[in-house]
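*Asks:* If you scroll down you'll find the structure; I have some questions about it.
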Amino acid sequence: MFQKILTEISKEFSGQNAKEIIGGIANFHRIQSSPGFRDAAEFCLGKLEEYTIPFVKIHKYPAKGNNKFWGCPVPKEWSIKSASLELVEPTNKAKILCRFFENPCSVIQRSKATNKEGITAEVIILPKGLSEDEMKKYELKDKFILTDDTDLKKMRLLAVNKLGAAGIIYDLVSELPPVRTRANFPTARRYTSFWYGTKGDEGDAFGFVLSAEQGDQLRKLIKNVEKEAKKEGKKQKQVKLHAKIDASFYDGEMEIVDFTIPGKIKDQEIIAVAHLCHPKPGAVDNASGCGTIIEVARTLNSLIESGKLEKPKRSIRFLLMAEFTGTFCYLASNEKKIKNFVAGLNIDMVGADQSIGGGRTLVMERTHDAYPSYVNEVLSAILHERSKEVTNFTETGSIATFKFANDQPFSGGSDHAILGFPDIGIGTPMLIQWPDRYYHTGEDTLDKVSTEMLDIVGSIVGTYCYFIANAGYPELLWIVQEVGSKGRERLIKFSREYTSNLMEKLQKEENQEKRENLLYDFLTKIEGMLNFRRDREIFALKSISKLLSEKDDKEDFISLIRSEEKLINKIAEEELAQVKEIISKLGISLKIIPKKPGAKEDSLDTKEEMLTPIKKHRGPITSVNRLDISYEQQLEYEKITKEHKEMMQTVKTAIFWIDGKRTIAEIAEKVKQQRGEVSIPLLVKIMKQYEKEGIIKLI
């Protein structure tokens with residue numbers, strides 16, 4: 001149904017042009033709410049006007065630090081002109097450690113300024129994982145602390161603000177084994193930033209970022225100087241640094257670049273987004289997504305103007321914005337438009353050269369199970385078709401020359417988690433390349449971008465946007481068949497894999513009581529989990545109706561949906577019956593009688609699980625919605641996470657099931673059906689914590 005579109009877009013899309021745009025964007029230091037972000041937005045605007053895109057606009061939102069959109073603060077504008085860190089003592093080791101103009105990631109973003117002369121102070125090693133009381137044992141006042149503690153907020157609030165440290169020298173490596181470890185990635189500086197809420201505490205600390213190699217060398221120097229002083233029996237010598245930063249905070253603005261290929265229908269649109277923020281260069285993350293959709297817009301506009309593609313029925317809107325923050329701003333400011341978006345797409349980190357950087361597999365990530373959509377099957381089918389690059393030896397099939405992972409489950413972490421949240425309701429899958437060795441470091445440079453990979457991704461993105469935008473009744477019928485058949489396949493796959501997993505566990509487990517518990521657990525869960533997936537597939541099937549127009553035969557369409565629904569129900573019933581029969585026979589053959597395990601969960605007042613959480617804003621609960629929490633509240637949350645570490649992923653799932661109607665117990669049931677496990681006491685604790693933080697209320 002879309003092969004002609006894919007062919008035309010593949011011929012017109014220029015990976016080379018997309019890479020040049022990416023290179024232009026990568027020249028700007030694009031921190032949220034900053035002059036560099038604004039300059040990048042203006043650069044993109046200029047390119048779009050050059051390509052005569054019909055509708056181009058920059059939206060501006062106040063960036064005062066104390067204003068919120070759907071619970072998300074917009075950071076006060078921050079400008080940095082220069083920064084440097086020097087090792088000054090011992091004098092025979094003196095050298096420049098880093099300068100902002102050479103590597104913008106060498107500064108902790110949103111740092112405050114030093115005085116004009118800068119600050120010279122001793123640097124000491126502060127071990128990670130210390131409590132406040134343990135920190136007090138170190139003499140931190142007016143000293144730089146060298147640390148790789150993962151909790152930067154703790155370092156800022158306690159070590160600097162409370163205990164008087166002069167600043168933070170940070171050498172943390174965010175490891176992604178085996179792609180990235182401290183040992184195999186010694187030269188990169190991690191993208192690190194201070195994040196502020198709405199309490200007006202911007203500019204309360206400053207810091208610098210060292211590579212693992214530099215951090216290790218500085219640690220070694222400090223220890224050697226200490227040993228030398230003890231050996232000589234003299235007053236302890238010091239390792240001193242000189243820091244200087246010229247930066248400022250002020251009330252400013254944050255921008256969103258909005259450009260549209262207009263359609264014939266006024267009240268239906270497709271929305272494609274990519275985030276423009278991140279430090280210079282930030283080539284793959286995410287200048288690549290921005291450059292890709294700018295080139296997609298040029299491609300579609302050119303094909304439409306030349307008559308190779310007709311003007312689409314629905315408009316295609318593209319947004320370049322600050323990740324999370326910009327999306328919250330746009331949606332909160334355009335609530336009436338939300339119902340018009342019949343499909344979305346998030347383009348995050350694409351076009352990366354797969355021969356370097358640790359895998360960089362092109363991943364198509366589905367929407368969350370709380371809001372399944374037909375869009376998953378459309379994008380999956382296009383990716384599958386695009387992967388048919390080279391025929392096999394006897395030309396009986398085709399294979400890809402690039403690595404890809406099609407139809408992967410939702411994991412979040414980007415703007416599709418907002419657009420596709422159930423109370424927003426825009427079916428939005430994501431394209432991303434992962435894992436990436438250079439992600440969130442100063443080594444995410446333009447040379448890591450591949451024009452060939454951009455050609456692949458650009459053709460997929462363009463085809464997805466245009467195909468849905470121009471889909472008429474024949475295309476809807478194809479989508480129905482695609483969604484229905486893939487849904488049935490997933491049900492069969494789930495029951496087979498879930499059953500195989502149990503069989504493997506039973507054969508490995510030697511303890512008879514545990515085997516009995518495993519069998520009981522399976523039999524009590526399988527029907528609910530299978531029916532849950534059945535209902536999700538039917539939900540996705542019905543979502544196609546968003547594309548219906550007034551001219552379409554709605555009765556005929558509804559009849560077709562009902563037929564597909566019956567087939568899905570039939571498969572679910574057959575799979576459940578077959579699985580139960582197989583497991584029953586397996587139990588008999590292994591002489592296992594299902595046995596309910598003893599209670600493991602904490603005691604709980606049943607009234608608590610009947611509480612209903614109500615969010616105070618639309619969209620998911622994310623880290624940006626929790627920026628105003630106190631450090632004491634953060635510690636309370638961390639205590640809960642440590643006590644229930646093995647179950648914390650279920651909390652992220654639970655958030656998507658909060659609708660203001662479901663009780664905690666009902667949310668827990670959805671999580672259990674989706675993931676196979678849940679802890680109601682944990683959910684109660686988390687929801688109560690969110691209530692303390694002012695994010696939800698419990699009734």
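FYI, nothing fancy with the structure tokens labels: chains A, B, ... in order, residues from 1 per chain, ligands from 1 as they appear.
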Do a neighbour search on Val296 (chain A) at 7 Å with only C-alpha atoms, toss out local chain neighbours closer than 2 positions, and write the hits as a ChimeraX atom specification.
*Replies:* /A:13,292-294,298-300,458,462
*Asks:* Dump C-alpha atoms for the selected residues as a tab-separated table (two decimals), in the first residue's frame?
*Replies:*
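Dumped to result_8.tsv:
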chain	number	residue	atom	x	y	z
A	13	PHE	CA	15.49	12.31	0.32
A	292	THR	CA	16.15	14.26	9.47
A	293	ILE	CA	12.69	15.76	9.82
A	294	ILE	CA	13.76	19.06	8.24
A	298	ARG	CA	11.82	19.43	2.20
A	299	THR	CA	11.40	16.07	0.50
A	300	LEU	CA	7.63	15.94	0.90
A	458	GLY	CA	14.54	9.52	6.33
A	462	GLY	CA	8.75	10.35	5.35
*Asks:* If DSSP is run on the backbone, what residues of region 115-247 of chain A are alpha helix (DSSP H)? A reply as a PyMOL selection string would be ideal.
*Replies:* chain A and resi 132-135+152-154+212-232
*Asks:* Using N, CA and C atoms, can you export the residues from the last selection as a compact mmCIF listing (two decimals), in the first residue's frame?
*Replies:*
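So again-v5.txt came out as:
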# COMPACT_ATOMS: atom_id res chain seq x y z
N GLU A 132 24.81 12.41 54.70
CA GLU A 132 25.17 13.75 55.16
C GLU A 132 26.10 13.68 56.36
N ASP A 133 25.81 12.80 57.30
CA ASP A 133 26.66 12.68 58.49
C ASP A 133 28.07 12.24 58.12
N GLU A 134 28.17 11.34 57.16
CA GLU A 134 29.49 10.88 56.72
C GLU A 134 30.25 12.00 56.01
N MET A 135 29.52 12.83 55.26
CA MET A 135 30.16 13.97 54.58
C MET A 135 30.76 14.96 55.57
N LEU A 152 24.04 13.85 41.80
CA LEU A 152 24.58 15.20 41.70
C LEU A 152 23.78 16.20 42.53
N LYS A 153 22.48 15.95 42.66
CA LYS A 153 21.64 16.85 43.47
C LYS A 153 22.11 16.84 44.93
N LYS A 154 22.49 15.67 45.42
CA LYS A 154 23.01 15.57 46.78
C LYS A 154 24.31 16.36 46.92
N ALA A 212 37.23 10.22 32.54
CA ALA A 212 37.67 9.19 33.49
C ALA A 212 39.19 9.20 33.62
N GLU A 213 39.87 9.40 32.51
CA GLU A 213 41.33 9.43 32.51
C GLU A 213 41.85 10.59 33.34
N GLN A 214 41.27 11.77 33.15
CA GLN A 214 41.68 12.93 33.92
C GLN A 214 41.34 12.77 35.40
N GLY A 215 40.17 12.22 35.65
CA GLY A 215 39.75 12.00 37.04
C GLY A 215 40.68 11.05 37.76
N ASP A 216 41.04 9.97 37.08
CA ASP A 216 41.95 8.99 37.68
C ASP A 216 43.32 9.60 37.95
N GLN A 217 43.79 10.41 37.01
CA GLN A 217 45.10 11.06 37.18
C GLN A 217 45.09 12.03 38.35
N LEU A 218 43.98 12.79 38.46
CA LEU A 218 43.88 13.76 39.56
C LEU A 218 43.77 13.05 40.90
N ARG A 219 43.03 11.96 40.95
CA ARG A 219 42.92 11.18 42.19
C ARG A 219 44.29 10.63 42.60
N LYS A 220 45.02 10.13 41.61
CA LYS A 220 46.35 9.58 41.88
C LYS A 220 47.28 10.66 42.40
N LEU A 221 47.20 11.85 41.79
CA LEU A 221 48.05 12.97 42.21
C LEU A 221 47.75 13.36 43.66
N ILE A 222 46.48 13.46 44.00
CA ILE A 222 46.08 13.83 45.37
C ILE A 222 46.64 12.82 46.37
N LYS A 223 46.50 11.55 46.06
CA LYS A 223 46.98 10.51 46.97
C LYS A 223 48.49 10.52 47.09
N ASN A 224 49.19 10.76 45.98
CA ASN A 224 50.66 10.80 46.00
C ASN A 224 51.17 11.98 46.81
N VAL A 225 50.51 13.13 46.66
CA VAL A 225 50.91 14.32 47.42
C VAL A 225 50.72 14.08 48.92
N GLU A 226 49.60 13.42 49.28
CA GLU A 226 49.35 13.10 50.68
C GLU A 226 50.42 12.15 51.22
N LYS A 227 50.79 11.15 50.45
CA LYS A 227 51.82 10.19 50.87
C LYS A 227 53.17 10.88 51.03
N GLU A 228 53.46 11.76 50.09
CA GLU A 228 54.74 12.47 50.12
C GLU A 228 54.86 13.35 51.35
N ALA A 229 53.77 14.02 51.70
CA ALA A 229 53.77 14.90 52.88
C ALA A 229 53.97 14.09 54.15
N LYS A 230 53.31 12.95 54.24
CA LYS A 230 53.46 12.09 55.43
C LYS A 230 54.87 11.54 55.52
N LYS A 231 55.43 11.19 54.39
CA LYS A 231 56.77 10.62 54.35
C LYS A 231 57.81 11.62 54.82
N GLU A 232 57.62 12.90 54.43
CA GLU A 232 58.56 13.94 54.81
C GLU A 232 58.29 14.48 56.20
*Asks:* Determine, counting only C-alpha atoms, which protein, DNA and RNA residues have an atom within 8 Å of an atom of region 24-38 of chain A; residues of the same chain fewer than 5 positions away are not included. Present the result as a VMD selection string.
*Replies:* chain A and resid 43 to 44 63 74 to 79 104 109 252 to 255 276 to 283 287 291 322 445 to 446
*Asks:* Could you write those residues out with N, CA and C atoms, as an mmCIF file, in the first residue's frame?
*Replies:*
data_model
loop_
_atom_site.group_PDB
_atom_site.id
_atom_site.type_symbol
_atom_site.label_atom_id
_atom_site.label_comp_id
_atom_site.auth_asym_id
_atom_site.auth_seq_id
_atom_site.Cartn_x
_atom_site.Cartn_y
_atom_site.Cartn_z
ATOM 1 N N PHE A 43 18.448 29.012 13.146
ATOM 2 C CA PHE A 43 19.132 28.340 12.039
ATOM 3 C C PHE A 43 18.174 27.404 11.309
ATOM 4 N N CYS A 44 17.439 26.602 12.089
ATOM 5 C CA CYS A 44 16.469 25.665 11.500
ATOM 6 C C CYS A 44 15.372 26.418 10.750
ATOM 7 N N ALA A 63 10.686 31.721 29.954
ATOM 8 C CA ALA A 63 11.622 30.859 30.685
ATOM 9 C C ALA A 63 12.073 31.605 31.930
ATOM 10 N N VAL A 74 9.727 25.535 33.289
ATOM 11 C CA VAL A 74 10.577 25.964 32.180
ATOM 12 C C VAL A 74 11.793 26.646 32.796
ATOM 13 N N PRO A 75 12.995 26.096 32.590
ATOM 14 C CA PRO A 75 14.179 26.635 33.266
ATOM 15 C C PRO A 75 14.415 28.110 32.943
ATOM 16 N N LYS A 76 14.898 28.844 33.926
ATOM 17 C CA LYS A 76 15.322 30.225 33.702
ATOM 18 C C LYS A 76 16.423 30.206 32.642
ATOM 19 N N GLU A 77 16.432 31.220 31.791
ATOM 20 C CA GLU A 77 17.440 31.240 30.732
ATOM 21 C C GLU A 77 18.837 31.344 31.334
ATOM 22 N N TRP A 78 19.757 30.618 30.714
ATOM 23 C CA TRP A 78 21.145 30.547 31.191
ATOM 24 C C TRP A 78 22.084 30.823 30.034
ATOM 25 N N SER A 79 23.025 31.704 30.259
ATOM 26 C CA SER A 79 24.018 32.028 29.232
ATOM 27 C C SER A 79 25.414 31.825 29.797
ATOM 28 N N PRO A 104 32.354 22.042 25.399
ATOM 29 C CA PRO A 104 31.275 22.567 26.239
ATOM 30 C C PRO A 104 30.805 21.594 27.317
ATOM 31 N N GLN A 109 26.458 21.922 33.190
ATOM 32 C CA GLN A 109 25.554 22.903 32.601
ATOM 33 C C GLN A 109 24.693 23.569 33.685
ATOM 34 N N GLY A 252 14.029 34.755 30.553
ATOM 35 C CA GLY A 252 14.199 34.724 29.100
ATOM 36 C C GLY A 252 13.077 33.988 28.415
ATOM 37 N N GLU A 253 13.430 33.265 27.357
ATOM 38 C CA GLU A 253 12.428 32.550 26.570
ATOM 39 C C GLU A 253 12.976 31.206 26.114
ATOM 40 N N MET A 254 12.044 30.295 25.812
ATOM 41 C CA MET A 254 12.404 29.028 25.203
ATOM 42 C C MET A 254 11.559 28.849 23.956
ATOM 43 N N GLU A 255 12.167 28.315 22.905
ATOM 44 C CA GLU A 255 11.517 28.274 21.600
ATOM 45 C C GLU A 255 11.121 26.859 21.171
ATOM 46 N N LEU A 276 15.600 19.353 20.004
ATOM 47 C CA LEU A 276 16.672 20.200 19.516
ATOM 48 C C LEU A 276 17.742 20.455 20.577
ATOM 49 N N CYS A 277 17.428 20.204 21.838
ATOM 50 C CA CYS A 277 18.345 20.538 22.928
ATOM 51 C C CYS A 277 19.511 19.557 23.018
ATOM 52 N N HIS A 278 20.406 19.846 23.918
ATOM 53 C CA HIS A 278 21.630 19.110 24.286
ATOM 54 C C HIS A 278 22.864 19.945 23.973
ATOM 55 N N PRO A 279 23.966 19.638 24.672
ATOM 56 C CA PRO A 279 25.164 20.454 24.511
ATOM 57 C C PRO A 279 25.811 20.282 23.130
ATOM 58 N N LYS A 280 26.615 21.251 22.779
ATOM 59 C CA LYS A 280 27.410 21.155 21.566
ATOM 60 C C LYS A 280 28.450 20.044 21.740
ATOM 61 N N PRO A 281 28.627 19.133 20.746
ATOM 62 C CA PRO A 281 27.986 19.128 19.453
ATOM 63 C C PRO A 281 26.630 18.410 19.420
ATOM 64 N N GLY A 282 26.452 17.355 20.230
ATOM 65 C CA GLY A 282 25.171 16.645 20.245
ATOM 66 C C GLY A 282 24.693 16.299 18.846
ATOM 67 N N ALA A 283 25.553 15.668 18.060
ATOM 68 C CA ALA A 283 25.244 15.412 16.652
ATOM 69 C C ALA A 283 24.190 14.319 16.475
ATOM 70 N N ALA A 287 20.692 16.313 17.141
ATOM 71 C CA ALA A 287 20.686 17.088 15.905
ATOM 72 C C ALA A 287 20.274 16.189 14.744
ATOM 73 N N GLY A 291 17.653 17.247 11.988
ATOM 74 C CA GLY A 291 18.066 17.331 10.589
ATOM 75 C C GLY A 291 17.261 16.406 9.708
ATOM 76 N N ALA A 322 12.686 21.467 23.014
ATOM 77 C CA ALA A 322 13.472 20.924 24.115
ATOM 78 C C ALA A 322 12.817 19.634 24.585
ATOM 79 N N THR A 445 29.992 13.557 17.999
ATOM 80 C CA THR A 445 30.380 14.506 16.959
ATOM 81 C C THR A 445 29.850 14.116 15.580
ATOM 82 N N LEU A 446 29.949 15.056 14.649
ATOM 83 C CA LEU A 446 29.355 14.881 13.320
ATOM 84 C C LEU A 446 29.957 13.705 12.559
#
*Asks:* Would you list the contacts of Leu319 (chain A) as an NGL selection string, taking every protein, DNA or RNA residue within 10 Å and counting only C-alpha atoms, but skipping same-chain residues closer than 5 positions in sequence?
*Replies:* :A and (57-58 or 256-260 or 271-276 or 290 or 293-294 or 326-327 or 330 or 346)
*Asks:* Could you dump the residues just selected with N, CA and C atoms as a PDB file, in the first residue's frame?
*Replies:*
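Output (again_38.pdb):
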ATOM      1  N   LYS A  57       6.967  28.469  11.812  1.00  0.00           N
ATOM      2  CA  LYS A  57       6.806  29.437  12.896  1.00  0.00           C
ATOM      3  C   LYS A  57       7.665  29.028  14.083  1.00  0.00           C
ATOM      4  N   ILE A  58       8.122  30.025  14.845  1.00  0.00           N
ATOM      5  CA  ILE A  58       8.780  29.755  16.124  1.00  0.00           C
ATOM      6  C   ILE A  58       7.857  30.217  17.243  1.00  0.00           C
ATOM      7  N   ILE A 256      10.129  26.802  20.294  1.00  0.00           N
ATOM      8  CA  ILE A 256       9.757  25.572  19.591  1.00  0.00           C
ATOM      9  C   ILE A 256       9.622  25.926  18.118  1.00  0.00           C
ATOM     10  N   VAL A 257      10.296  25.175  17.259  1.00  0.00           N
ATOM     11  CA  VAL A 257      10.173  25.374  15.818  1.00  0.00           C
ATOM     12  C   VAL A 257       9.036  24.485  15.319  1.00  0.00           C
ATOM     13  N   ASP A 258       8.052  25.116  14.684  1.00  0.00           N
ATOM     14  CA  ASP A 258       6.832  24.444  14.242  1.00  0.00           C
ATOM     15  C   ASP A 258       6.724  24.626  12.728  1.00  0.00           C
ATOM     16  N   PHE A 259       6.686  23.533  11.964  1.00  0.00           N
ATOM     17  CA  PHE A 259       6.536  23.647  10.509  1.00  0.00           C
ATOM     18  C   PHE A 259       5.606  22.545  10.004  1.00  0.00           C
ATOM     19  N   THR A 260       4.826  22.889   9.000  1.00  0.00           N
ATOM     20  CA  THR A 260       3.714  22.033   8.598  1.00  0.00           C
ATOM     21  C   THR A 260       3.597  21.899   7.086  1.00  0.00           C
ATOM     22  N   ILE A 271       1.697  14.286  13.730  1.00  0.00           N
ATOM     23  CA  ILE A 271       2.725  15.102  14.384  1.00  0.00           C
ATOM     24  C   ILE A 271       4.007  14.286  14.516  1.00  0.00           C
ATOM     25  N   ALA A 272       5.109  14.857  14.045  1.00  0.00           N
ATOM     26  CA  ALA A 272       6.422  14.218  14.167  1.00  0.00           C
ATOM     27  C   ALA A 272       7.332  15.161  14.940  1.00  0.00           C
ATOM     28  N   VAL A 273       8.030  14.634  15.939  1.00  0.00           N
ATOM     29  CA  VAL A 273       8.834  15.479  16.822  1.00  0.00           C
ATOM     30  C   VAL A 273      10.269  14.978  16.927  1.00  0.00           C
ATOM     31  N   ALA A 274      11.169  15.932  17.178  1.00  0.00           N
ATOM     32  CA  ALA A 274      12.568  15.619  17.487  1.00  0.00           C
ATOM     33  C   ALA A 274      13.074  16.701  18.430  1.00  0.00           C
ATOM     34  N   HIS A 275      13.891  16.321  19.412  1.00  0.00           N
ATOM     35  CA  HIS A 275      14.331  17.352  20.353  1.00  0.00           C
ATOM     36  C   HIS A 275      15.619  18.031  19.883  1.00  0.00           C
ATOM     37  N   LEU A 276      15.600  19.353  20.004  1.00  0.00           N
ATOM     38  CA  LEU A 276      16.672  20.200  19.516  1.00  0.00           C
ATOM     39  C   LEU A 276      17.742  20.455  20.577  1.00  0.00           C
ATOM     40  N   CYS A 290      16.515  16.134  14.342  1.00  0.00           N
ATOM     41  CA  CYS A 290      16.054  17.431  13.813  1.00  0.00           C
ATOM     42  C   CYS A 290      16.409  17.565  12.333  1.00  0.00           C
ATOM     43  N   ILE A 293      14.059  15.343  10.127  1.00  0.00           N
ATOM     44  CA  ILE A 293      12.689  15.762   9.815  1.00  0.00           C
ATOM     45  C   ILE A 293      12.644  17.078   9.026  1.00  0.00           C
ATOM     46  N   ILE A 294      13.690  17.895   9.125  1.00  0.00           N
ATOM     47  CA  ILE A 294      13.760  19.063   8.244  1.00  0.00           C
ATOM     48  C   ILE A 294      13.898  18.594   6.789  1.00  0.00           C
ATOM     49  N   GLY A 326       9.788  21.125  26.161  1.00  0.00           N
ATOM     50  CA  GLY A 326       9.127  21.725  25.020  1.00  0.00           C
ATOM     51  C   GLY A 326       7.833  21.035  24.659  1.00  0.00           C
ATOM     52  N   THR A 327       7.807  19.723  24.799  1.00  0.00           N
ATOM     53  CA  THR A 327       6.590  18.963  24.493  1.00  0.00           C
ATOM     54  C   THR A 327       5.478  19.312  25.470  1.00  0.00           C
ATOM     55  N   TYR A 330       4.189  22.835  24.499  1.00  0.00           N
ATOM     56  CA  TYR A 330       3.347  22.869  23.298  1.00  0.00           C
ATOM     57  C   TYR A 330       1.966  22.282  23.565  1.00  0.00           C
ATOM     58  N   ASN A 346       8.101   9.924  17.142  1.00  0.00           N
ATOM     59  CA  ASN A 346       9.231  10.539  17.838  1.00  0.00           C
ATOM     60  C   ASN A 346      10.520  10.047  17.206  1.00  0.00           C
TER      61      ASN A 346
END
*Asks:* For His644 (chain A), which of A:Ser459, A:Leu683, A:Leu560, A:Ile21 is the closest residue, counting only C-alpha atoms?
*Replies:* A:Leu683
*Asks:* If you run DSSP on this backbone, which residues of region 290-455 of chain A come out as strand (DSSP E or B), and could you give them as a VMD selection string?
*Replies:* chain A and resid 315 to 321 341 to 347 352 361 to 365 390 to 391 398 to 399 404 to 408 430 to 434 441 449
*Asks:* Can you pull out the residues contacting Glu389 (chain A)? Cut-off 9 Å, using only C-alpha atoms, and skip same-chain residues under 6 positions away; I want them as an NGL selection string.
*Replies:* :A and (398-401)
*Asks:* What's the 12 Å shell around Ile658 (chain A), counting only C-alpha atoms, without same-chain residues fewer than 5 positions away, as an MDAnalysis selection string?
*Replies:* chainID A and resid 370 421:423 611:621 651:653 663:668 670:671 683 687 696:698
*Asks:* Go ahead and save the picked residues with N, CA and C atoms, as a short mmCIF file (atom, residue, chain, number, x, y, z; two decimals), in the first residue's frame.
*Replies:*
data_model
loop_
_atom_site.label_atom_id
_atom_site.label_comp_id
_atom_site.auth_asym_id
_atom_site.auth_seq_id
_atom_site.Cartn_x
_atom_site.Cartn_y
_atom_site.Cartn_z
N ALA A 370 -0.76 0.71 27.73
CA ALA A 370 -1.92 1.45 28.22
C ALA A 370 -2.59 2.24 27.10
N PHE A 421 0.83 9.20 26.15
CA PHE A 421 0.22 8.92 27.45
C PHE A 421 -1.30 8.88 27.27
N PRO A 422 -2.00 7.95 27.93
CA PRO A 422 -3.43 7.76 27.67
C PRO A 422 -4.30 9.01 27.76
N ASP A 423 -4.01 9.94 28.72
CA ASP A 423 -4.89 11.10 28.81
C ASP A 423 -4.54 12.18 27.79
N LEU A 611 -7.73 3.45 47.55
CA LEU A 611 -7.58 4.87 47.25
C LEU A 611 -7.40 5.07 45.74
N THR A 612 -7.90 6.19 45.24
CA THR A 612 -7.79 6.51 43.82
C THR A 612 -6.83 7.68 43.62
N PRO A 613 -5.73 7.46 42.91
CA PRO A 613 -4.80 8.57 42.64
C PRO A 613 -5.31 9.44 41.49
N ILE A 614 -5.25 10.74 41.69
CA ILE A 614 -5.65 11.70 40.65
C ILE A 614 -4.47 12.63 40.39
N LYS A 615 -3.98 12.63 39.14
CA LYS A 615 -2.86 13.50 38.79
C LYS A 615 -3.31 14.95 38.75
N LYS A 616 -2.40 15.85 39.06
CA LYS A 616 -2.72 17.28 39.05
C LYS A 616 -2.41 17.92 37.70
N HIS A 617 -1.95 17.12 36.76
CA HIS A 617 -1.70 17.63 35.41
C HIS A 617 -1.83 16.47 34.43
N ARG A 618 -2.01 16.79 33.16
CA ARG A 618 -2.06 15.74 32.14
C ARG A 618 -0.66 15.23 31.85
N GLY A 619 -0.62 14.05 31.27
CA GLY A 619 0.66 13.48 30.90
C GLY A 619 1.28 12.65 32.00
N PRO A 620 2.45 12.05 31.72
CA PRO A 620 3.10 11.17 32.71
C PRO A 620 3.73 11.94 33.85
N ILE A 621 4.07 11.20 34.90
CA ILE A 621 4.86 11.76 36.01
C ILE A 621 6.32 11.46 35.70
N VAL A 651 6.55 0.32 38.97
CA VAL A 651 6.04 1.66 39.28
C VAL A 651 5.94 2.49 38.01
N LYS A 652 6.97 2.41 37.15
CA LYS A 652 6.94 3.14 35.88
C LYS A 652 5.77 2.68 35.02
N THR A 653 5.46 1.41 35.10
CA THR A 653 4.31 0.89 34.37
C THR A 653 3.01 1.41 34.96
N THR A 663 -8.63 2.61 41.14
CA THR A 663 -8.03 2.57 42.47
C THR A 663 -6.62 2.01 42.35
N ILE A 664 -5.86 2.10 43.43
CA ILE A 664 -4.51 1.53 43.43
C ILE A 664 -4.58 0.02 43.16
N ALA A 665 -5.58 -0.63 43.72
CA ALA A 665 -5.75 -2.07 43.50
C ALA A 665 -6.03 -2.37 42.04
N GLU A 666 -6.84 -1.54 41.39
CA GLU A 666 -7.16 -1.75 39.97
C GLU A 666 -5.95 -1.46 39.09
N ILE A 667 -5.18 -0.45 39.46
CA ILE A 667 -3.94 -0.15 38.74
C ILE A 667 -2.98 -1.33 38.88
N ALA A 668 -2.89 -1.85 40.10
CA ALA A 668 -2.00 -2.99 40.36
C ALA A 668 -2.38 -4.20 39.51
N LYS A 670 -3.76 -4.15 36.55
CA LYS A 670 -3.30 -3.89 35.19
C LYS A 670 -1.80 -4.15 35.06
N VAL A 671 -1.06 -3.70 36.06
CA VAL A 671 0.40 -3.91 36.05
C VAL A 671 0.71 -5.41 36.09
N LEU A 683 3.15 0.16 45.57
CA LEU A 683 2.38 1.19 44.87
C LEU A 683 1.73 2.16 45.86
N MET A 687 2.50 6.10 45.78
CA MET A 687 1.40 7.06 45.58
C MET A 687 1.30 8.03 46.75
N ILE A 696 0.11 14.29 42.93
CA ILE A 696 -1.22 13.69 42.84
C ILE A 696 -1.97 13.95 44.14
N LYS A 697 -3.24 13.62 44.13
CA LYS A 697 -3.99 13.55 45.38
C LYS A 697 -4.69 12.20 45.41
N LEU A 698 -4.87 11.68 46.61
CA LEU A 698 -5.52 10.38 46.80
C LEU A 698 -6.89 10.59 47.43
#
